[in-house]
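Asker: Shown below is the structure under consideration.
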Amino acid sequence: MRNTVPRRLELFRTMWRIRAFEEEALDAHRAQEIAGPLHVSIGQEAVSAGLCINLETADRLTSNHRGHGHVLAKGADPKRMLAELYGRADGYCGGKGGSMHIADFSVGMLGANGVVAGGIPIAVGAAQGLKLLGEKALVVCIFGDGAVNRGPFLEGFNWAALFRLPVLFVCEDNGVAAFTQTATMTAGPGIVARAQSMGVEGRSVDGNDVVAVDEAVAELVEAIRATGEPRFLHAQTYRLMGHTSTDAAAWRSQEEVQSARQSEPIGRLRALLLEEGCSERDLDGIERAARQEMQEARRFAQAAPWPLPEDAFSDVQDIGAEAWRR
Ligand SMILES: Cc1ncc(C[n+]2csc(CCOP(=O)(O)OP(=O)(O)O)c2C)c(N)n1
């Protein structure tokens with residue numbers, strides 16, 4: 001049942017788990033326990049939560065470089081996710097993939113992806129596979145606004161529309177591609193119109209309103225399950241942090257960020273739940289439980305073993321590996 005307090009509490013819990021995971025990861029990065037930059041999605045949690053609450057485990061998901069929230073909401077284990085960020089053997093890729101390459105096939109998560117728009121052809125291929133195998137599941141493909149100006153967007157949408165594949169394309173539009181305003185480099189009447197020009201029906205939603213995302217996704221998923229055809233969701237949101245964990249985002253004004261904080265999704269849902277009669281105490285308890293869960297996950301990652309040197313070339317694409325071994 002949609003539009004019920006228990007469902008909204010579930011959305012609230014998911015958003016807090018994502019926020020707490022990323023804040024814990026950022027803290028670990030600052031403490032130099034994690035090497036390499038992290039792309040966090042703080043402020044964008046409503047898209048992951050509103051989306052994944054409508055999916056079955058068998059439904060597949062592809063993600064982009066800013067994928068912690070997508071992966072976690074699809075059901076992955078935060079312990080193994082953080083272990084992956086720490087480069088440890090217990091991580092999802094044995095510590096070799098890092099933050100941008102987490103996959104967990106057991107929950108339908110086919111992979112985050114460091115290549116902008118790289119998840120689109122993977123999702124479309126997976127959907128074609130499901131159709132050929134006669135499986136009922138659908139594929140959700142999440143990408144940023146920067147991806148809509150890359151070739152795989154055109155190729156993927158065209159292919160999915162032409163072969164009538166069960167894909168929900170989701171553009172998580174935070175307005176910037178890394179540091180560039182996407183509007184300044186995107187031609188035409190907009191992203192939804194671009195999808196429609198290839199025969200993929202779509203709509204926009206306020207991506208910081210988790211209830212609206214939940215409703216929009218439910219409708220689109222229902223349409224895909226009924227027709228087997230692709231659909232598109234354009235979710236407008238805001239990234240409260242810089243492009244990576246090492247970017248202080250000095251390129252945008254503090255006023256802009258401060259005003260965006262007023263409409264960040266967790267605070268908005270909290271206000272709604274209080275209006276609906278939930279107590280401060282219960283809502284604080286959800287936040288506290290999420291933080292504790294992620295602190296435990298961090299302890300797990302800190303204690304996890306390093307990968308063995310002799311495993312360096314297993315489970316990796318090994319073109320040229322022979323040369324390195326010598
Ligand atoms: C093919 C490719 N080109 C360039 C990059 C470098 N790069 C990493 S993230 C990014 C911006 C992507 O923008 P968007 O998809 O809107 O996501 P955002 O980081 O803004 O959330 C770029 C250009 C890349 N990873 N892959």
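Each chain in the structure tokens gets a letter, A, B, ..., in the order shown, and its residues are numbered from 1; ligands are numbered from 1 in order too.
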Go through the chains and note each residue within 6 Å of ligand 1, using only C-alpha atoms and all ligand atoms, then give the set as a PyMOL selection string.
Answerer: chain A and resi 114-116+143-147+176-178+243
Asker: Write the residues of the selection above to a file with N, CA and C atoms, as an mmCIF file, in the first residue's frame.
Answerer:
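As written to disk, again22.cif reads:
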```cif
data_model
loop_
_atom_site.group_PDB
_atom_site.id
_atom_site.type_symbol
_atom_site.label_atom_id
_atom_site.label_comp_id
_atom_site.auth_asym_id
_atom_site.auth_seq_id
_atom_site.Cartn_x
_atom_site.Cartn_y
_atom_site.Cartn_z
ATOM 1 N N GLY A 114 32.191 3.608 -13.445
ATOM 2 C CA GLY A 114 32.967 4.848 -13.488
ATOM 3 C C GLY A 114 32.933 5.557 -14.830
ATOM 4 N N VAL A 115 32.417 4.870 -15.856
ATOM 5 C CA VAL A 115 32.356 5.477 -17.190
ATOM 6 C C VAL A 115 31.001 6.160 -17.342
ATOM 7 N N VAL A 116 31.011 7.467 -17.550
ATOM 8 C CA VAL A 116 29.738 8.186 -17.658
ATOM 9 C C VAL A 116 28.916 7.600 -18.815
ATOM 10 N N PHE A 143 21.350 7.041 -14.323
ATOM 11 C CA PHE A 143 22.502 7.801 -14.810
ATOM 12 C C PHE A 143 22.301 9.274 -14.471
ATOM 13 N N GLY A 144 23.370 10.066 -14.567
ATOM 14 C CA GLY A 144 23.277 11.497 -14.259
ATOM 15 C C GLY A 144 22.925 12.304 -15.488
ATOM 16 N N ASP A 145 22.680 13.592 -15.284
ATOM 17 C CA ASP A 145 22.337 14.467 -16.408
ATOM 18 C C ASP A 145 23.494 14.589 -17.399
ATOM 19 N N GLY A 146 24.732 14.413 -16.907
ATOM 20 C CA GLY A 146 25.878 14.485 -17.819
ATOM 21 C C GLY A 146 25.838 13.386 -18.871
ATOM 22 N N ALA A 147 25.200 12.259 -18.532
ATOM 23 C CA ALA A 147 25.189 11.107 -19.443
ATOM 24 C C ALA A 147 24.311 11.323 -20.671
ATOM 25 N N VAL A 176 24.358 19.559 -12.561
ATOM 26 C CA VAL A 176 25.759 19.730 -12.962
ATOM 27 C C VAL A 176 26.372 18.405 -13.384
ATOM 28 N N ALA A 177 27.229 18.486 -14.379
ATOM 29 C CA ALA A 177 28.030 17.324 -14.758
ATOM 30 C C ALA A 177 29.425 17.611 -14.208
ATOM 31 N N ALA A 178 29.762 16.976 -13.117
ATOM 32 C CA ALA A 178 30.991 17.273 -12.364
ATOM 33 C C ALA A 178 30.950 18.733 -11.911
ATOM 34 N N HIS A 243 31.885 17.581 -6.254
ATOM 35 C CA HIS A 243 31.884 16.453 -7.188
ATOM 36 C C HIS A 243 32.482 15.199 -6.547
#
```
Asker: Once DSSP has gone over the backbone, tell me which residues of segment 97-217 of chain A are in strand (DSSP E), as a PyMOL selection string.
Answerer: chain A and resi 109-111+139-144+167-173+176-177+180-181+201-206
Asker: So which residues touch Phe153 of chain A within 12 Å, counting only C-alpha atoms, skipping near sequence neighbours fewer than 2 positions away, as a tab-separated table (two decimals) with N, CA, C and O atoms, in the first residue's frame?
Answerer:
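This is the output file around03.tsv:
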```tsv
chain	number	residue	atom	x	y	z
A	116	VAL	N	31.01	7.47	-17.55
A	116	VAL	CA	29.74	8.19	-17.66
A	116	VAL	C	28.92	7.60	-18.81
A	116	VAL	O	29.42	7.46	-19.94
A	117	ALA	N	27.67	7.23	-18.55
A	117	ALA	CA	26.73	6.58	-19.47
A	117	ALA	C	27.05	5.10	-19.71
A	117	ALA	O	26.33	4.43	-20.45
A	118	GLY	N	28.09	4.59	-19.06
A	118	GLY	CA	28.50	3.19	-19.27
A	118	GLY	C	27.45	2.18	-18.83
A	118	GLY	O	27.40	1.06	-19.35
A	119	GLY	N	26.61	2.55	-17.86
A	119	GLY	CA	25.60	1.62	-17.38
A	119	GLY	C	24.43	1.45	-18.35
A	119	GLY	O	23.67	0.48	-18.25
A	120	ILE	N	24.27	2.40	-19.28
A	120	ILE	CA	23.09	2.35	-20.16
A	120	ILE	C	23.11	1.12	-21.08
A	120	ILE	O	22.16	0.34	-21.08
A	121	PRO	N	24.17	0.91	-21.86
A	121	PRO	CA	24.17	-0.30	-22.70
A	121	PRO	C	24.15	-1.60	-21.90
A	121	PRO	O	23.59	-2.60	-22.36
A	122	ILE	N	24.73	-1.57	-20.71
A	122	ILE	CA	24.70	-2.79	-19.87
A	122	ILE	C	23.25	-3.10	-19.49
A	122	ILE	O	22.79	-4.25	-19.57
A	123	ALA	N	22.51	-2.07	-19.09
A	123	ALA	CA	21.11	-2.27	-18.70
A	123	ALA	C	20.28	-2.77	-19.87
A	123	ALA	O	19.45	-3.69	-19.73
A	124	VAL	N	20.50	-2.17	-21.03
A	124	VAL	CA	19.71	-2.56	-22.21
A	124	VAL	C	20.05	-4.01	-22.61
A	124	VAL	O	19.16	-4.81	-22.93
A	141	CYS	N	17.89	1.55	-14.90
A	141	CYS	CA	19.19	2.09	-15.29
A	141	CYS	C	19.28	3.54	-14.81
A	141	CYS	O	18.55	4.40	-15.30
A	142	ILE	N	20.17	3.80	-13.84
A	142	ILE	CA	20.28	5.15	-13.29
A	142	ILE	C	21.53	5.83	-13.84
A	142	ILE	O	22.61	5.25	-13.83
A	143	PHE	N	21.35	7.04	-14.32
A	143	PHE	CA	22.50	7.80	-14.81
A	143	PHE	C	22.30	9.27	-14.47
A	143	PHE	O	21.19	9.71	-14.14
A	144	GLY	N	23.37	10.07	-14.57
A	144	GLY	CA	23.28	11.50	-14.26
A	144	GLY	C	22.93	12.30	-15.49
A	144	GLY	O	22.90	11.79	-16.62
A	145	ASP	N	22.68	13.59	-15.28
A	145	ASP	CA	22.34	14.47	-16.41
A	145	ASP	C	23.49	14.59	-17.40
A	145	ASP	O	23.27	14.80	-18.59
A	146	GLY	N	24.73	14.41	-16.91
A	146	GLY	CA	25.88	14.48	-17.82
A	146	GLY	C	25.84	13.39	-18.87
A	146	GLY	O	26.36	13.55	-19.98
A	147	ALA	N	25.20	12.26	-18.53
A	147	ALA	CA	25.19	11.11	-19.44
A	147	ALA	C	24.31	11.32	-20.67
A	147	ALA	O	24.48	10.64	-21.69
A	148	VAL	N	23.38	12.27	-20.60
A	148	VAL	CA	22.44	12.41	-21.72
A	148	VAL	C	23.09	13.02	-22.96
A	148	VAL	O	22.50	13.03	-24.03
A	149	ASN	N	24.30	13.55	-22.79
A	149	ASN	CA	25.00	14.09	-23.95
A	149	ASN	C	26.06	13.13	-24.48
A	149	ASN	O	26.89	13.51	-25.31
A	150	ARG	N	26.02	11.89	-24.04
A	150	ARG	CA	26.97	10.89	-24.55
A	150	ARG	C	26.26	9.91	-25.47
A	150	ARG	O	25.06	9.65	-25.35
A	151	GLY	N	27.04	9.34	-26.38
A	151	GLY	CA	26.50	8.43	-27.38
A	151	GLY	C	25.69	7.26	-26.84
A	151	GLY	O	24.63	6.93	-27.40
A	155	GLU	N	22.10	5.46	-28.25
A	155	GLU	CA	22.10	4.07	-28.68
A	155	GLU	C	21.21	3.20	-27.78
A	155	GLU	O	20.43	2.38	-28.25
A	156	GLY	N	21.32	3.44	-26.47
A	156	GLY	CA	20.57	2.62	-25.52
A	156	GLY	C	19.07	2.86	-25.60
A	156	GLY	O	18.27	1.91	-25.62
A	157	PHE	N	18.67	4.14	-25.66
A	157	PHE	CA	17.23	4.44	-25.75
A	157	PHE	C	16.65	3.92	-27.05
A	157	PHE	O	15.56	3.35	-27.11
A	158	ASN	N	17.39	4.13	-28.12
A	158	ASN	CA	16.92	3.67	-29.43
A	158	ASN	C	16.70	2.16	-29.43
A	158	ASN	O	15.66	1.65	-29.86
A	159	TRP	N	17.68	1.45	-28.92
A	159	TRP	CA	17.63	-0.02	-28.92
A	159	TRP	C	16.48	-0.53	-28.05
A	159	TRP	O	15.71	-1.41	-28.46
A	160	ALA	N	16.36	0.06	-26.86
A	160	ALA	CA	15.31	-0.39	-25.93
A	160	ALA	C	13.91	-0.12	-26.50
A	160	ALA	O	13.00	-0.94	-26.34
A	169	PHE	N	14.54	3.78	-17.45
A	169	PHE	CA	15.68	4.69	-17.45
A	169	PHE	C	15.39	5.79	-16.44
A	169	PHE	O	14.30	6.38	-16.45
A	170	VAL	N	16.36	6.08	-15.59
A	170	VAL	CA	16.18	7.13	-14.58
A	170	VAL	C	17.34	8.11	-14.67
A	170	VAL	O	18.50	7.73	-14.45
A	171	CYS	N	17.02	9.35	-15.00
A	171	CYS	CA	18.06	10.39	-15.00
A	171	CYS	C	18.00	11.12	-13.67
A	171	CYS	O	17.02	11.79	-13.36
A	191	ILE	N	15.35	17.01	-21.47
A	191	ILE	CA	15.71	15.58	-21.43
A	191	ILE	C	14.50	14.68	-21.69
A	191	ILE	O	14.60	13.68	-22.38
A	194	ARG	N	13.78	14.63	-25.27
A	194	ARG	CA	14.79	13.85	-25.99
A	194	ARG	C	14.45	12.35	-25.93
A	194	ARG	O	14.56	11.64	-26.92
A	195	ALA	N	14.02	11.90	-24.76
A	195	ALA	CA	13.63	10.48	-24.62
A	195	ALA	C	12.40	10.19	-25.50
A	195	ALA	O	12.34	9.18	-26.20
A	198	MET	N	12.66	9.43	-29.14
A	198	MET	CA	13.03	8.06	-29.53
A	198	MET	C	11.94	7.06	-29.14
A	198	MET	O	12.15	5.86	-29.13
A	232	PHE	N	10.78	6.31	-19.01
A	232	PHE	CA	11.84	7.21	-18.56
A	232	PHE	C	11.36	8.06	-17.39
A	232	PHE	O	10.24	8.59	-17.43
```
Asker: Rounded to one decimal, what separation in Å do you get between atom CA of Cys93 of chain A and atom CA of Ser63 of chain A?
Answerer: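 Atom CA of Ser63 of chain A lies at a distance of 15.6 Å from atom CA of Cys93 of chain A.
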Asker: Using DSSP on the backbone, list every residue of segment 84-305 of chain A that comes out as helix (DSSP H, G or I), and give them as a PyMOL selection string.
Answerer: chain A and resi 84-85+99-101+105-107+119-133+145-149+151-162+182-185+191-197+210-227+254-261+265-275+280-303
Asker: Extract, using only C-alpha atoms, all DNA, RNA and protein residues at most 7 Å from Leu85 of chain A, discarding same-chain residues fewer than 3 positions from it, and format them as a count of residues only.
Answerer: 5
Asker: Using only C-alpha atoms, determine which residues lie at most 10 Å from segment 274-277 of chain A, disregarding the query and same-chain residues fewer than 6 positions distant; provide the list as JSON, numbers by chain.
Answerer: {"A": [4, 5, 283]}
Asker: Dump C-alpha atoms for the selected residues as a tab-separated table (two decimals), in the first residue's frame?
Answerer:
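Here's the written file again.tsv:
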```tsv
chain	number	residue	atom	x	y	z
A	4	THR	CA	0.80	5.04	4.31
A	5	VAL	CA	2.87	6.06	7.32
A	283	LEU	CA	12.34	9.60	13.98
```
Asker: Which residues are near segment 11-14 of chain A? Cut-off 8 Å, only C-alpha atoms, ignore same chain within fewer than 2 positions. Put them as a list in words.
Answerer: Arg7, Arg8, Leu9, Trp16, Arg17, Ile18, Ala46, Ala49, Gly50, Ile53, Ala73, Val210, Ile266, Leu269, Arg270, Ile286, Glu287 and Ala290 of chain A
Asker: Just C-alpha atoms for this one: save the residues we selected as a compact mmCIF listing (two decimals), in the first residue's frame.
Answerer:
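Final file, part.txt:
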```
# COMPACT_ATOMS: atom_id res chain seq x y z
CA ARG A 7 5.73 3.00 3.90
CA ARG A 8 6.95 6.55 4.51
CA LEU A 9 8.87 5.37 7.57
CA TRP A 16 18.98 7.69 6.60
CA ARG A 17 20.91 4.48 5.93
CA ILE A 18 22.28 6.03 2.71
CA ALA A 46 15.09 10.31 -2.30
CA ALA A 49 14.75 5.17 -1.81
CA GLY A 50 11.65 6.01 -3.90
CA ILE A 53 10.99 0.40 -2.75
CA ALA A 73 18.76 0.71 -1.49
CA VAL A 210 10.47 10.95 -1.92
CA ILE A 266 15.32 13.81 4.56
CA LEU A 269 10.03 13.78 4.80
CA ARG A 270 10.72 14.29 8.49
CA ILE A 286 15.71 5.76 13.00
CA GLU A 287 18.63 8.12 12.41
CA ALA A 290 21.31 3.96 10.81
```
Asker: Do a neighbour search on Leu51 of chain A at 7 Å with only C-alpha atoms, toss out local chain neighbours closer than 6 positions, and write the hits as a PDB file with N, CA, C and O atoms, in the first residue's frame.
Answerer:
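In the end it all went to part_0.pdb:
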```pdb
ATOM      1  N   VAL A 213       8.471  10.661  -5.813  1.00  0.00           N
ATOM      2  CA  VAL A 213       9.300   9.709  -6.568  1.00  0.00           C
ATOM      3  C   VAL A 213       8.679   8.313  -6.480  1.00  0.00           C
ATOM      4  O   VAL A 213       8.528   7.619  -7.495  1.00  0.00           O
ATOM      5  N   ASP A 214       8.292   7.927  -5.265  1.00  0.00           N
ATOM      6  CA  ASP A 214       7.676   6.613  -5.052  1.00  0.00           C
ATOM      7  C   ASP A 214       6.448   6.441  -5.966  1.00  0.00           C
ATOM      8  O   ASP A 214       6.304   5.434  -6.679  1.00  0.00           O
ATOM      9  N   VAL A 217       7.468   6.300  -9.752  1.00  0.00           N
ATOM     10  CA  VAL A 217       8.120   5.034 -10.101  1.00  0.00           C
ATOM     11  C   VAL A 217       7.095   3.897 -10.115  1.00  0.00           C
ATOM     12  O   VAL A 217       7.107   3.041 -11.021  1.00  0.00           O
TER      13      VAL A 217
END
```
Asker: Quick one: of A:Arg60, A:Lys79, A:Arg19, A:His29, who's nearest to Ala137 of chain A, counting only C-alpha atoms?
Answerer: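 Closest candidate: A:Arg60.
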Asker: Nearest to Leu138 of chain A: which of A:Cys52, A:Met294, A:Leu168, A:Val107 is it, counting only C-alpha atoms?
Answerer: A:Leu168
Asker: Which one of A:Gly67, A:Gly175, A:Gly199, A:Gly91 sits closest to Ala235 of chain A if you count only C-alpha atoms?
Answerer: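 Answer, going by the shortest atom-to-atom distance: A:Gly175.
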Asker: For the atom pair atom CA of Lys136 of chain A and atom CA of Ala58 of chain A, what is the interatomic distance in Å to one decimal place?
Answerer: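 Separation between atom CA of Lys136 of chain A and atom CA of Ala58 of chain A: 8.6 Å.
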Asker: List every residue of segment 56-144 of chain A that has an atom at most 8 Å from any atom of segment 40-44 of chain A, giving for each one its closest atom pair and the distance in Å to one decimal, counting only C-alpha atoms, sorted by chain and then by ascending residue number, as CSV.
Answerer:
```
residue,atom,partner,partner_atom,distance
A:Arg66,CA,A:Val40,CA,5.9
A:Gly67,CA,A:Ser41,CA,7.7
A:His68,CA,A:Val40,CA,7.2
A:Gly69,CA,A:Ser41,CA,7.0
```
